[in-house]
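See below for the structure under consideration.
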Amino acid sequence: MNVFTQLGEWLSAPNRWSWTDPAGVPYRTLEHLWFSVLSLVVAAVLTIPLALWLAHYRRGAFLASSAVNIGRAIPSFGLIILFWFLASRWGADTDFWPLLLALVGLALPPLFTNTYAGVVQLEQETVDAARGTGYREWQIMLKLELPLASPVIVAGARVAFLQLVATVAIGAIVNDGGGLGRYIVDGFAEGAQGYGEIFGGGLAVIILALLCEGIFALLTRWATPKGVALQTARRD
């Protein structure tokens, strides 16, 4: 039996498109997105305010540049295994915390770097003009720098989220949930009979990543202030 026949049988299973059955693709997709979105939100809350403050006062340049190298050097699977080992030793829930902490750790560098870079690259004359009109420092950060830097911040979130979507699939190795990656892990456990499930799970992850890429492209356009968009269009 070839892989496409196996894939057809796997897709046509009675519970494959259930929203409530753990074997269903919709159920696993929502689970996949839940882990990815939660991790991105937690990382954003931890990172963006700090990066915004540091960039406003022009501090932490070394930390921002180091974040890029750290993000590239951290092996996602190694991070998941590390947190799983620590959680198992501390008696914590090994199905939730190891994967969540690893995902948050992976999302921190691109969010921090892009937020910092987005604020630092703003023209100082614009900031000085706002300060001269009576804006306080926190108002400058929230009402000027954050909106103007939002396209760069969203671009960082875009990179982080796509990495999270890919990593959640890997996390199924140590997580009983694991989203769409559960199909890949279970398929390998079945040997030659599981090739269709492996192919289906991998295809589902790719489709989900492409859809998320498209959504973030729209978010980037929406987050770009009209004045910035007009200036960019004139330069082009």
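Residues in the structure tokens are numbered from 1 in each chain, the chains being A, B, ... in the order shown, and ligands are numbered from 1 in the order shown.
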- request: Would you list, as a PyMOL selection string, the residues of region 145-225 of chain A that end up in alpha helix (DSSP H) under DSSP run on this structure's backbone?
  value: chain A and resi 146-171+181-189+195-223
List every residue of region 139-175 of chain A that has an atom at most 7 Å from any atom of region 25-38 of chain A, and for each one report the closest atom pair and its distance in Å to one decimal, counting only C-alpha atoms, with rows sorted by chain and then by increasing residue number, as JSON lines.
```
{"residue": "A:Phe161", "atom": "CA", "partner": "A:Ser36", "partner_atom": "CA", "distance": 6.7}
{"residue": "A:Leu164", "atom": "CA", "partner": "A:Ser36", "partner_atom": "CA", "distance": 5.5}
{"residue": "A:Val165", "atom": "CA", "partner": "A:Ser36", "partner_atom": "CA", "distance": 5.9}
{"residue": "A:Val168", "atom": "CA", "partner": "A:His32", "partner_atom": "CA", "distance": 6.6}
```
Selection to disk with N, CA and C atoms, as an mmCIF file, in the first residue's frame:
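Just written: part-v1.cif:
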```cif
data_model
loop_
_atom_site.group_PDB
_atom_site.id
_atom_site.type_symbol
_atom_site.label_atom_id
_atom_site.label_comp_id
_atom_site.auth_asym_id
_atom_site.auth_seq_id
_atom_site.Cartn_x
_atom_site.Cartn_y
_atom_site.Cartn_z
ATOM 1 N N PHE A 161 6.083 33.695 15.640
ATOM 2 C CA PHE A 161 4.905 32.826 15.596
ATOM 3 C C PHE A 161 5.106 31.658 14.639
ATOM 4 N N LEU A 164 7.106 29.204 16.360
ATOM 5 C CA LEU A 164 6.303 28.518 17.371
ATOM 6 C C LEU A 164 5.437 27.443 16.737
ATOM 7 N N VAL A 165 4.816 27.751 15.613
ATOM 8 C CA VAL A 165 3.966 26.771 14.920
ATOM 9 C C VAL A 165 4.783 25.526 14.560
ATOM 10 N N VAL A 168 5.786 23.605 18.009
ATOM 11 C CA VAL A 168 4.713 22.866 18.671
ATOM 12 C C VAL A 168 4.625 21.451 18.112
#
```
query: Quick one: of A:Leu63, A:Thr167, A:Leu146, A:Gln193, who's nearest to Thr5 (chain A), counting only C-alpha atoms?
result: A:Gln193
query: Restricting the calculation to only C-alpha atoms, which member of A:Val45, A:Leu101, A:Leu111, A:Ala157 is positioned closest to Ala67 (chain A)?
result: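 Of A:Val45, A:Leu101, A:Leu111, A:Ala157, the one nearest Ala67 (chain A) is A:Leu111, counting only C-alpha atoms.
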message: Report as a ChimeraX atom specification all protein, DNA and RNA residues lying within 10 Å of Ser65 (chain A), evaluated on only C-alpha atoms, omitting residues in the same chain fewer than 4 positions from it.
response: /A:60-61,69-70,109,112-113,116-117
- request: For Val205 (chain A), work out the shell of residues within 9 Å, counting only C-alpha atoms and skipping chain neighbours fewer than 5 positions away, then give it as a PyMOL selection string.
  value: chain A and resi 29+165-166+169+180-181+200+210
Just to be explicit: take each residue in the selection above, keep all heavy atoms, and write the result as a JSON list (two decimals), in the first residue's frame.
```json
[["chain", "number", "residue", "atom", "x", "y", "z"],
["A", 29, "THR", "N", -5.76, 21.13, 15.32],
["A", 29, "THR", "CA", -5.37, 22.45, 14.82],
["A", 29, "THR", "C", -5.60, 23.52, 15.89],
["A", 29, "THR", "O", -4.75, 24.39, 16.11],
["A", 29, "THR", "CB", -6.17, 22.80, 13.55],
["A", 29, "THR", "OG1", -5.91, 21.81, 12.55],
["A", 29, "THR", "CG2", -5.76, 24.16, 13.02],
["A", 165, "VAL", "N", 4.82, 27.75, 15.61],
["A", 165, "VAL", "CA", 3.97, 26.77, 14.92],
["A", 165, "VAL", "C", 4.78, 25.53, 14.56],
["A", 165, "VAL", "O", 4.31, 24.39, 14.71],
["A", 165, "VAL", "CB", 3.33, 27.40, 13.67],
["A", 165, "VAL", "CG1", 2.67, 26.33, 12.80],
["A", 165, "VAL", "CG2", 2.31, 28.46, 14.06],
["A", 166, "ALA", "N", 6.00, 25.74, 14.10],
["A", 166, "ALA", "CA", 6.86, 24.60, 13.75],
["A", 166, "ALA", "C", 7.30, 23.83, 14.99],
["A", 166, "ALA", "O", 7.38, 22.59, 14.97],
["A", 166, "ALA", "CB", 8.07, 25.09, 12.97],
["A", 169, "ALA", "N", 4.84, 21.31, 16.81],
["A", 169, "ALA", "CA", 4.82, 19.98, 16.20],
["A", 169, "ALA", "C", 5.91, 19.09, 16.77],
["A", 169, "ALA", "O", 5.69, 17.91, 17.04],
["A", 169, "ALA", "CB", 4.98, 20.10, 14.68],
["A", 180, "LEU", "N", -0.91, 19.29, 15.90],
["A", 180, "LEU", "CA", -0.81, 18.50, 14.67],
["A", 180, "LEU", "C", 0.42, 17.60, 14.66],
["A", 180, "LEU", "O", 0.46, 16.62, 13.92],
["A", 180, "LEU", "CB", -0.76, 19.46, 13.47],
["A", 180, "LEU", "CG", -2.04, 20.29, 13.26],
["A", 180, "LEU", "CD1", -1.80, 21.36, 12.20],
["A", 180, "LEU", "CD2", -3.21, 19.40, 12.86],
["A", 181, "GLY", "N", 1.41, 17.92, 15.46],
["A", 181, "GLY", "CA", 2.59, 17.07, 15.54],
["A", 181, "GLY", "C", 2.30, 15.70, 16.12],
["A", 181, "GLY", "O", 3.08, 14.76, 15.94],
["A", 200, "GLY", "N", 0.12, 13.20, 6.31],
["A", 200, "GLY", "CA", -1.02, 14.06, 6.60],
["A", 200, "GLY", "C", -0.72, 15.08, 7.67],
["A", 200, "GLY", "O", -1.08, 16.26, 7.56],
["A", 210, "LEU", "N", 1.45, 28.36, 6.44],
["A", 210, "LEU", "CA", 1.20, 29.25, 5.32],
["A", 210, "LEU", "C", 0.03, 30.18, 5.60],
["A", 210, "LEU", "O", 0.05, 31.37, 5.26],
["A", 210, "LEU", "CB", 0.96, 28.44, 4.04],
["A", 210, "LEU", "CG", 2.17, 27.68, 3.48],
["A", 210, "LEU", "CD1", 1.75, 26.83, 2.29],
["A", 210, "LEU", "CD2", 3.28, 28.65, 3.09]]
```
message: As an exercise, work out the distance from CA of Ala172 (chain A) to CA of Ile74 (chain A) in Å and give it to one decimal place.
response: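 Pair CA of Ala172 (chain A) / CA of Ile74 (chain A) returns 18.7 Å.
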query: Residues at most 10 Å from region 185-188 of chain A, counting only C-alpha atoms, excluding those fewer than 5 positions away in the same chain, as a list in words?
result: Ala169, Ile170, Gly171, Ala172, Ile173, Val174, Gly178, Leu180, Gln193, Gly194, Tyr195, Gly196, Glu197, Ile198, Phe199, Gly200 and Gly201 of chain A
